[in-house]
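Engineer: Hey, dropping upload04.pdb in here, PDB, C-alpha atoms, pLDDT in the B column:
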```
ATOM      1  CA  MET E   1      22.490  22.260  -9.875  1.00 63.00           C
ATOM      2  CA  ASP E   2      24.782  19.369  -9.132  1.00 85.00           C
ATOM      3  CA  GLU E   3      23.648  17.378  -6.060  1.00 86.00           C
ATOM      4  CA  ARG E   4      27.059  17.653  -4.384  1.00 84.00           C
ATOM      5  CA  LEU E   5      27.081  21.396  -4.922  1.00 83.00           C
ATOM      6  CA  ALA E   6      23.580  21.691  -3.482  1.00 80.00           C
ATOM      7  CA  LYS E   7      24.602  19.710  -0.388  1.00 80.00           C
ATOM      8  CA  ALA E   8      27.733  21.824   0.031  1.00 81.00           C
ATOM      9  CA  LEU E   9      25.683  25.016  -0.245  1.00 81.00           C
ATOM     10  CA  GLU E  10      23.154  23.708   2.272  1.00 78.00           C
ATOM     11  CA  PHE E  11      25.934  22.751   4.691  1.00 78.00           C
ATOM     12  CA  SER E  12      27.555  26.142   4.253  1.00 81.00           C
ATOM     13  CA  ASN E  13      24.258  27.892   5.005  1.00 76.00           C
ATOM     14  CA  TYR E  14      23.811  25.656   8.052  1.00 77.00           C
ATOM     15  CA  ARG E  15      27.267  26.517   9.399  1.00 81.00           C
ATOM     16  CA  ILE E  16      26.759  30.249   8.812  1.00 83.00           C
ATOM     17  CA  GLY E  17      23.349  30.168  10.505  1.00 79.00           C
ATOM     18  CA  LEU E  18      24.756  28.142  13.396  1.00 81.00           C
ATOM     19  CA  PHE E  19      27.677  30.509  13.882  1.00 85.00           C
ATOM     20  CA  ASN E  20      25.430  33.588  13.764  1.00 84.00           C
ATOM     21  CA  ARG E  21      22.980  32.092  16.247  1.00 86.00           C
ATOM     22  CA  LYS E  22      25.806  31.154  18.636  1.00 88.00           C
ATOM     23  CA  GLU E  23      27.062  34.724  18.483  1.00 91.00           C
ATOM     24  CA  ASP E  24      23.534  36.056  19.142  1.00 91.00           C
ATOM     25  CA  ILE E  25      23.200  33.794  22.179  1.00 92.00           C
ATOM     26  CA  LYS E  26      26.606  34.867  23.544  1.00 95.00           C
ATOM     27  CA  THR E  27      25.749  38.539  23.043  1.00 95.00           C
ATOM     28  CA  LYS E  28      22.444  38.214  24.888  1.00 96.00           C
ATOM     29  CA  PHE E  29      24.138  36.180  27.641  1.00 96.00           C
ATOM     30  CA  ASN E  30      26.773  38.885  28.147  1.00 97.00           C
ATOM     31  CA  THR E  31      24.084  41.572  28.174  1.00 97.00           C
ATOM     32  CA  MET E  32      22.115  39.650  30.786  1.00 97.00           C
ATOM     33  CA  LEU E  33      25.218  39.650  33.016  1.00 98.00           C
ATOM     34  CA  LEU E  34      25.292  43.446  33.268  1.00 97.00           C
ATOM     35  CA  TYR E  35      24.102  44.892  36.572  1.00 97.00           C
ATOM     36  CA  SER E  36      23.772  48.523  37.655  1.00 96.00           C
ATOM     37  CA  CYS E  37      23.875  49.678  41.242  1.00 94.00           C
ATOM     38  CA  ASN E  38      24.426  53.102  42.860  1.00 93.00           C
ATOM     39  CA  GLY E  39      25.382  54.666  39.528  1.00 93.00           C
ATOM     40  CA  GLY E  40      27.905  51.960  38.696  1.00 95.00           C
ATOM     41  CA  SER E  41      27.812  49.218  36.096  1.00 97.00           C
ATOM     42  CA  PHE E  42      29.158  45.758  36.808  1.00 97.00           C
ATOM     43  CA  LYS E  43      29.553  42.582  34.794  1.00 97.00           C
ATOM     44  CA  VAL E  44      28.547  39.663  36.964  1.00 98.00           C
ATOM     45  CA  THR E  45      31.309  37.084  36.927  1.00 97.00           C
ATOM     46  CA  THR E  46      32.167  34.178  39.168  1.00 97.00           C
ATOM     47  CA  GLU E  47      35.073  36.262  40.481  1.00 97.00           C
ATOM     48  CA  LEU E  48      32.740  39.103  41.488  1.00 97.00           C
ATOM     49  CA  LEU E  49      30.339  36.639  43.106  1.00 97.00           C
ATOM     50  CA  CYS E  50      33.126  34.978  45.111  1.00 97.00           C
ATOM     51  CA  PHE E  51      34.670  38.275  46.172  1.00 96.00           C
ATOM     52  CA  VAL E  52      31.364  39.750  47.330  1.00 96.00           C
ATOM     53  CA  LYS E  53      30.537  36.505  49.175  1.00 96.00           C
ATOM     54  CA  LEU E  54      33.940  36.640  50.882  1.00 95.00           C
ATOM     55  CA  ILE E  55      33.322  40.222  51.998  1.00 95.00           C
ATOM     56  CA  LEU E  56      29.802  39.302  53.115  1.00 94.00           C
ATOM     57  CA  ASP E  57      31.081  36.350  55.149  1.00 94.00           C
ATOM     58  CA  SER E  58      33.721  38.530  56.799  1.00 94.00           C
ATOM     59  CA  GLY E  59      30.951  40.594  58.407  1.00 91.00           C
ATOM     60  CA  LYS E  60      31.574  43.895  56.631  1.00 90.00           C
ATOM     61  CA  SER E  61      28.540  46.129  56.219  1.00 84.00           C
ATOM     62  CA  ASN E  62      29.663  48.048  53.129  1.00 89.00           C
ATOM     63  CA  ILE E  63      32.323  47.935  50.439  1.00 94.00           C
ATOM     64  CA  VAL E  64      33.676  50.012  47.591  1.00 96.00           C
ATOM     65  CA  LEU E  65      33.968  48.217  44.255  1.00 96.00           C
ATOM     66  CA  VAL E  66      35.445  49.451  40.990  1.00 96.00           C
ATOM     67  CA  ASP E  67      32.871  49.227  38.168  1.00 96.00           C
ATOM     68  CA  LEU E  68      33.302  48.595  34.430  1.00 96.00           C
ATOM     69  CA  ASN E  69      34.198  52.250  33.853  1.00 96.00           C
ATOM     70  CA  ASN E  70      36.874  52.171  36.580  1.00 96.00           C
ATOM     71  CA  ASN E  71      34.744  54.292  38.893  1.00 96.00           C
ATOM     72  CA  PRO E  72      34.595  53.549  42.610  1.00 97.00           C
ATOM     73  CA  VAL E  73      31.082  52.628  43.704  1.00 97.00           C
ATOM     74  CA  GLU E  74      30.067  52.244  47.336  1.00 96.00           C
ATOM     75  CA  ILE E  75      27.862  49.247  47.987  1.00 95.00           C
ATOM     76  CA  VAL E  76      25.991  49.809  51.233  1.00 93.00           C
ATOM     77  CA  GLU E  77      23.697  46.786  51.273  1.00 92.00           C
ATOM     78  CA  ILE E  78      26.121  43.961  50.487  1.00 95.00           C
ATOM     79  CA  GLN E  79      23.561  41.182  51.085  1.00 94.00           C
ATOM     80  CA  LYS E  80      21.074  42.723  48.633  1.00 95.00           C
ATOM     81  CA  PHE E  81      23.855  43.330  46.096  1.00 96.00           C
ATOM     82  CA  TYR E  82      25.010  39.718  46.418  1.00 96.00           C
ATOM     83  CA  ASN E  83      21.478  38.335  46.081  1.00 97.00           C
ATOM     84  CA  ASP E  84      20.869  40.490  43.000  1.00 97.00           C
ATOM     85  CA  ILE E  85      24.069  39.525  41.198  1.00 98.00           C
ATOM     86  CA  LEU E  86      23.632  35.854  42.091  1.00 98.00           C
ATOM     87  CA  SER E  87      20.112  35.954  40.662  1.00 98.00           C
ATOM     88  CA  LYS E  88      21.388  37.667  37.496  1.00 98.00           C
ATOM     89  CA  TYR E  89      24.122  35.066  37.068  1.00 98.00           C
ATOM     90  CA  VAL E  90      21.801  32.099  37.542  1.00 98.00           C
ATOM     91  CA  GLU E  91      19.214  33.568  35.155  1.00 98.00           C
ATOM     92  CA  ALA E  92      21.819  34.307  32.469  1.00 97.00           C
ATOM     93  CA  THR E  93      23.542  30.931  32.671  1.00 97.00           C
ATOM     94  CA  ASN E  94      20.214  29.086  32.591  1.00 97.00           C
ATOM     95  CA  TYR E  95      19.232  31.054  29.473  1.00 95.00           C
ATOM     96  CA  TYR E  96      22.604  30.306  27.860  1.00 95.00           C
ATOM     97  CA  ASN E  97      22.362  26.598  28.659  1.00 95.00           C
ATOM     98  CA  PHE E  98      18.776  26.328  27.384  1.00 92.00           C
ATOM     99  CA  GLU E  99      19.460  28.145  24.101  1.00 90.00           C
ATOM    100  CA  TYR E 100      22.762  26.354  23.516  1.00 88.00           C
ATOM    101  CA  ASN E 101      21.148  22.948  24.004  1.00 88.00           C
ATOM    102  CA  LYS E 102      18.370  23.861  21.559  1.00 86.00           C
ATOM    103  CA  LEU E 103      21.022  24.860  19.051  1.00 84.00           C
ATOM    104  CA  ARG E 104      23.031  21.661  19.569  1.00 82.00           C
ATOM    105  CA  LYS E 105      19.984  19.618  18.588  1.00 77.00           C
ATOM    106  CA  SER E 106      19.519  21.574  15.356  1.00 70.00           C
ATOM    107  CA  ARG E 107      20.823  19.579  12.428  1.00 63.00           C
ATOM    108  CA  THR E 108      19.354  21.437   9.450  1.00 59.00           C
ATOM    109  CA  VAL E 109      19.283  24.972   8.099  1.00 60.00           C
ATOM    110  CA  SER E 110      15.537  25.204   8.665  1.00 59.00           C
ATOM    111  CA  SER E 111      15.830  24.098  12.297  1.00 59.00           C
ATOM    112  CA  VAL E 112      18.514  26.751  12.972  1.00 57.00           C
ATOM    113  CA  ASN E 113      16.312  29.346  11.259  1.00 57.00           C
ATOM    114  CA  ASP E 114      13.330  28.239  13.367  1.00 59.00           C
ATOM    115  CA  ILE E 115      15.362  28.907  16.516  1.00 56.00           C
ATOM    116  CA  ILE E 116      16.339  32.340  15.205  1.00 51.00           C
ATOM    117  CA  GLU E 117      12.731  33.228  14.468  1.00 44.00           C
ATOM    118  CA  GLY E 118      11.418  31.555  17.623  1.00 46.00           C
TER     119      GLY E 118
END
```
Mind converting the file's structure to structure tokens?
Structural biologist:
Amino acid sequence: MDERLAKALEFSNYRIGLFNRKEDIKTKFNTMLLYSCNGGSFKVTTELLCFVKLILDSGKSNIVLVDLNNNPVEIVEIQKFYNDILSKYVEATNYYNFEYNKLRKSRTVSSVNDIIEG
């Protein structure tokens, strides 16, 4: 095979592997952000964190939030809920940052494949 063609094929495989791995990391990150409480499912976002913190700081003892399925869910222990979602967010973003930085340092097809297998 022509050397230029071989390099182009290798680069193409690298880009495909890189794209697929980025998508895998994003999918896992988004899954890690899901939190269930009192029969409701929530996606932990900075907006949810700020809103719950605002309610917590206002001195309220409970709150009703609308979950991902548009169902009202009463949150009785706001402090515990806040601590749990904050922990989830920090864990997920740390995972995302760690995996993304590993991927950024990968410059070959085999190094991207090693990350996928590892």
Engineer: Could you state which residues are captured by the PyMOL selection byres ((chain E and resi 22) around 12) in this file, as a list in words?
Structural biologist: Arg15, Ile16, Gly17, Leu18, Phe19, Asn20, Arg21, Glu23, Asp24, Ile25, Lys26, Thr27, Lys28, Phe29, Tyr96, Asn97, Glu99, Tyr100, Asn101, Lys102, Leu103, Arg104, Ser106, Val112, Ile115 and Ile116 of chain E
Engineer: Could you state which residues are captured by the PyMOL selection byres ((chain E and resi 33) around 10) in this file, as a list of chain:residue names?
Structural biologist: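 Evaluating the PyMOL selection byres ((chain E and resi 33) around 10) on these coordinates yields E:Lys28, E:Phe29, E:Asn30, E:Thr31, E:Met32, E:Leu34, E:Tyr35, E:Phe42, E:Lys43, E:Val44, E:Thr45, E:Ile85, E:Leu86, E:Ser87, E:Lys88, E:Tyr89, E:Val90, E:Glu91, E:Ala92, E:Thr93.
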Engineer: Within 12 Å of Lys80 in chain E, counting only C-alpha atoms, which residues show up once you throw out same-chain ones fewer than 6 positions away? Write them as a list in words, please.
Structural biologist: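 The filter keeps Cys37, Val52, Lys53, Leu56, Ser61, Asn62, Leu86 and Ser87 of chain E.
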Engineer: Given all atoms listed in the file as the basis, pick out the residue of E:Ser12, E:Val73, E:Leu5, E:Gln79 nearest to Asp57 in chain E.
Structural biologist: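 Among E:Ser12, E:Val73, E:Leu5, E:Gln79, it is E:Gln79 that comes nearest to Asp57 in chain E.
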Engineer: List as an MDAnalysis selection string the residues having at least one atom at most 7 Å from position (33.6, 46.6, 35.6) as given in the file, counting all atoms listed in the file.
Structural biologist: chainID E and resid 41:43 66:70
Engineer: Could you check which of E:Phe51, E:Asp84, E:Glu77, E:Ala6 is closest to Ser36 in chain E, using all atoms listed in the file?
Structural biologist: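 Using all atoms listed in the file, the shortest distance to Ser36 in chain E belongs to E:Asp84.
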Engineer: For CA of Lys60 in chain E and CA of Tyr82 in chain E, determine how far apart the two atoms are, in Å to one decimal place.
Structural biologist: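 Answer for the CA of Lys60 in chain E to CA of Tyr82 in chain E separation: 12.8 Å.
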Engineer: Using all atoms listed in the file, pick whichever of E:Lys7, E:Pro72, E:Ile78, E:Gly39 has the shortest atom-to-atom distance to Ser58 in chain E.
Structural biologist: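 Of all the options, E:Ile78 lies closest to Ser58 in chain E.
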Engineer: Just chain E, please, as a PDB file, in the first residue's frame (only C-alpha atoms).
Structural biologist:
```
ATOM      1  CA  MET E   1       0.000   0.000   0.000  1.00  0.00           C
ATOM      2  CA  ASP E   2       1.145   3.504  -0.759  1.00  0.00           C
ATOM      3  CA  GLU E   3       2.731   5.200   2.290  1.00  0.00           C
ATOM      4  CA  ARG E   4       0.456   8.244   2.020  1.00  0.00           C
ATOM      5  CA  LEU E   5      -2.596   6.017   1.850  1.00  0.00           C
ATOM      6  CA  ALA E   6      -1.420   4.063   4.886  1.00  0.00           C
ATOM      7  CA  LYS E   7      -0.914   7.284   6.861  1.00  0.00           C
ATOM      8  CA  ALA E   8      -4.332   8.566   5.803  1.00  0.00           C
ATOM      9  CA  LEU E   9      -5.950   5.291   6.865  1.00  0.00           C
ATOM     10  CA  GLU E  10      -4.133   5.379  10.202  1.00  0.00           C
ATOM     11  CA  PHE E  11      -5.216   8.982  10.789  1.00  0.00           C
ATOM     12  CA  SER E  12      -8.782   8.118   9.866  1.00  0.00           C
ATOM     13  CA  ASN E  13      -8.788   5.210  12.325  1.00  0.00           C
ATOM     14  CA  TYR E  14      -7.329   7.509  14.985  1.00  0.00           C
ATOM     15  CA  ARG E  15     -10.050  10.121  14.457  1.00  0.00           C
ATOM     16  CA  ILE E  16     -12.819   7.502  14.514  1.00  0.00           C
ATOM     17  CA  GLY E  17     -11.426   5.931  17.689  1.00  0.00           C
ATOM     18  CA  LEU E  18     -11.029   9.353  19.292  1.00  0.00           C
ATOM     19  CA  PHE E  19     -14.572  10.383  18.418  1.00  0.00           C
ATOM     20  CA  ASN E  20     -16.031   7.103  19.706  1.00  0.00           C
ATOM     21  CA  ARG E  21     -14.087   7.331  22.958  1.00  0.00           C
ATOM     22  CA  LYS E  22     -15.201  10.942  23.498  1.00  0.00           C
ATOM     23  CA  GLU E  23     -18.799   9.857  23.019  1.00  0.00           C
ATOM     24  CA  ASP E  24     -18.318   6.967  25.482  1.00  0.00           C
ATOM     25  CA  ILE E  25     -16.893   9.355  28.074  1.00  0.00           C
ATOM     26  CA  LYS E  26     -19.771  11.826  27.604  1.00  0.00           C
ATOM     27  CA  THR E  27     -22.336   9.034  27.906  1.00  0.00           C
ATOM     28  CA  LYS E  28     -20.821   7.737  31.140  1.00  0.00           C
ATOM     29  CA  PHE E  29     -20.529  11.302  32.477  1.00  0.00           C
ATOM     30  CA  ASN E  30     -24.219  11.960  31.793  1.00  0.00           C
ATOM     31  CA  THR E  31     -25.160   8.644  33.399  1.00  0.00           C
ATOM     32  CA  MET E  32     -23.123   9.498  36.483  1.00  0.00           C
ATOM     33  CA  LEU E  33     -25.131  12.731  36.822  1.00  0.00           C
ATOM     34  CA  LEU E  34     -28.421  10.882  37.308  1.00  0.00           C
ATOM     35  CA  TYR E  35     -29.755  10.818  40.863  1.00  0.00           C
ATOM     36  CA  SER E  36     -32.882   9.160  42.253  1.00  0.00           C
ATOM     37  CA  CYS E  37     -34.670  10.295  45.373  1.00  0.00           C
ATOM     38  CA  ASN E  38     -38.172   9.618  46.758  1.00  0.00           C
ATOM     39  CA  GLY E  39     -39.254   7.904  43.541  1.00  0.00           C
ATOM     40  CA  GLY E  40     -38.044  10.735  41.328  1.00  0.00           C
ATOM     41  CA  SER E  41     -35.133  10.912  38.923  1.00  0.00           C
ATOM     42  CA  PHE E  42     -33.034  14.036  38.571  1.00  0.00           C
ATOM     43  CA  LYS E  43     -30.123  15.063  36.385  1.00  0.00           C
ATOM     44  CA  VAL E  44     -27.628  16.920  38.522  1.00  0.00           C
ATOM     45  CA  THR E  45     -26.812  20.225  36.879  1.00  0.00           C
ATOM     46  CA  THR E  46     -25.263  23.425  38.131  1.00  0.00           C
ATOM     47  CA  GLU E  47     -28.735  24.981  37.952  1.00  0.00           C
ATOM     48  CA  LEU E  48     -30.191  22.294  40.230  1.00  0.00           C
ATOM     49  CA  LEU E  49     -27.272  22.666  42.636  1.00  0.00           C
ATOM     50  CA  CYS E  50     -27.675  26.455  42.809  1.00  0.00           C
ATOM     51  CA  PHE E  51     -31.443  26.287  43.202  1.00  0.00           C
ATOM     52  CA  VAL E  52     -31.299  23.710  45.992  1.00  0.00           C
ATOM     53  CA  LYS E  53     -28.548  25.715  47.733  1.00  0.00           C
ATOM     54  CA  LEU E  54     -30.706  28.844  47.481  1.00  0.00           C
ATOM     55  CA  ILE E  55     -33.657  27.024  49.042  1.00  0.00           C
ATOM     56  CA  LEU E  56     -31.380  25.551  51.712  1.00  0.00           C
ATOM     57  CA  ASP E  57     -29.957  28.976  52.569  1.00  0.00           C
ATOM     58  CA  SER E  58     -33.451  30.451  52.821  1.00  0.00           C
ATOM     59  CA  GLY E  59     -34.163  28.149  55.773  1.00  0.00           C
ATOM     60  CA  LYS E  60     -36.875  26.002  54.201  1.00  0.00           C
ATOM     61  CA  SER E  61     -37.171  22.479  55.568  1.00  0.00           C
ATOM     62  CA  ASN E  62     -38.685  20.807  52.502  1.00  0.00           C
ATOM     63  CA  ILE E  63     -39.333  21.486  48.837  1.00  0.00           C
ATOM     64  CA  VAL E  64     -41.146  20.005  45.874  1.00  0.00           C
ATOM     65  CA  LEU E  65     -39.068  19.605  42.719  1.00  0.00           C
ATOM     66  CA  VAL E  66     -40.144  18.464  39.268  1.00  0.00           C
ATOM     67  CA  ASP E  67     -38.082  15.448  38.134  1.00  0.00           C
ATOM     68  CA  LEU E  68     -36.967  14.340  34.658  1.00  0.00           C
ATOM     69  CA  ASN E  69     -40.368  12.759  34.004  1.00  0.00           C
ATOM     70  CA  ASN E  70     -42.204  15.964  34.980  1.00  0.00           C
ATOM     71  CA  ASN E  71     -43.432  14.414  38.217  1.00  0.00           C
ATOM     72  CA  PRO E  72     -43.523  16.442  41.421  1.00  0.00           C
ATOM     73  CA  VAL E  73     -41.243  14.964  44.067  1.00  0.00           C
ATOM     74  CA  GLU E  74     -41.190  16.151  47.667  1.00  0.00           C
ATOM     75  CA  ILE E  75     -37.712  16.493  49.102  1.00  0.00           C
ATOM     76  CA  VAL E  76     -37.952  16.391  52.882  1.00  0.00           C
ATOM     77  CA  GLU E  77     -34.278  16.398  53.835  1.00  0.00           C
ATOM     78  CA  ILE E  78     -32.928  19.245  51.702  1.00  0.00           C
ATOM     79  CA  GLN E  79     -29.448  19.196  53.288  1.00  0.00           C
ATOM     80  CA  LYS E  80     -28.996  15.474  52.571  1.00  0.00           C
ATOM     81  CA  PHE E  81     -30.342  15.928  49.033  1.00  0.00           C
ATOM     82  CA  TYR E  82     -27.937  18.815  48.431  1.00  0.00           C
ATOM     83  CA  ASN E  83     -24.954  16.901  49.822  1.00  0.00           C
ATOM     84  CA  ASP E  84     -25.814  13.883  47.661  1.00  0.00           C
ATOM     85  CA  ILE E  85     -26.199  15.813  44.414  1.00  0.00           C
ATOM     86  CA  LEU E  86     -23.079  17.875  45.105  1.00  0.00           C
ATOM     87  CA  SER E  87     -21.119  14.669  45.673  1.00  0.00           C
ATOM     88  CA  LYS E  88     -22.520  13.178  42.448  1.00  0.00           C
ATOM     89  CA  TYR E  89     -21.588  16.291  40.483  1.00  0.00           C
ATOM     90  CA  VAL E  90     -18.041  16.453  41.827  1.00  0.00           C
ATOM     91  CA  GLU E  91     -17.492  12.729  41.210  1.00  0.00           C
ATOM     92  CA  ALA E  92     -18.831  12.918  37.644  1.00  0.00           C
ATOM     93  CA  THR E  93     -16.880  16.026  36.671  1.00  0.00           C
ATOM     94  CA  ASN E  94     -13.663  14.620  38.141  1.00  0.00           C
ATOM     95  CA  TYR E  95     -14.173  11.422  36.123  1.00  0.00           C
ATOM     96  CA  TYR E  96     -14.867  13.447  32.968  1.00  0.00           C
ATOM     97  CA  ASN E  97     -11.792  15.622  33.476  1.00  0.00           C
ATOM     98  CA  PHE E  98      -9.520  12.638  34.179  1.00  0.00           C
ATOM     99  CA  GLU E  99     -10.691  10.619  31.164  1.00  0.00           C
ATOM    100  CA  TYR E 100     -10.690  13.629  28.841  1.00  0.00           C
ATOM    101  CA  ASN E 101      -7.124  14.530  29.803  1.00  0.00           C
ATOM    102  CA  LYS E 102      -6.001  10.940  29.188  1.00  0.00           C
ATOM    103  CA  LEU E 103      -7.620  11.107  25.772  1.00  0.00           C
ATOM    104  CA  ARG E 104      -6.027  14.470  24.939  1.00  0.00           C
ATOM    105  CA  LYS E 105      -2.590  12.947  25.477  1.00  0.00           C
ATOM    106  CA  SER E 106      -3.321  10.067  23.098  1.00  0.00           C
ATOM    107  CA  ARG E 107      -1.662  10.679  19.764  1.00  0.00           C
ATOM    108  CA  THR E 108      -1.868   7.262  18.104  1.00  0.00           C
ATOM    109  CA  VAL E 109      -4.525   4.699  17.267  1.00  0.00           C
ATOM    110  CA  SER E 110      -2.989   2.197  19.672  1.00  0.00           C
ATOM    111  CA  SER E 111      -2.975   4.689  22.550  1.00  0.00           C
ATOM    112  CA  VAL E 112      -6.681   5.488  21.982  1.00  0.00           C
ATOM    113  CA  ASN E 113      -7.416   1.752  21.840  1.00  0.00           C
ATOM    114  CA  ASP E 114      -5.457   1.222  25.071  1.00  0.00           C
ATOM    115  CA  ILE E 115      -7.694   3.773  26.797  1.00  0.00           C
ATOM    116  CA  ILE E 116     -10.792   2.023  25.454  1.00  0.00           C
ATOM    117  CA  GLU E 117      -9.600  -1.340  26.724  1.00  0.00           C
ATOM    118  CA  GLY E 118      -8.212   0.098  29.961  1.00  0.00           C
TER     119      GLY E 118
END
```
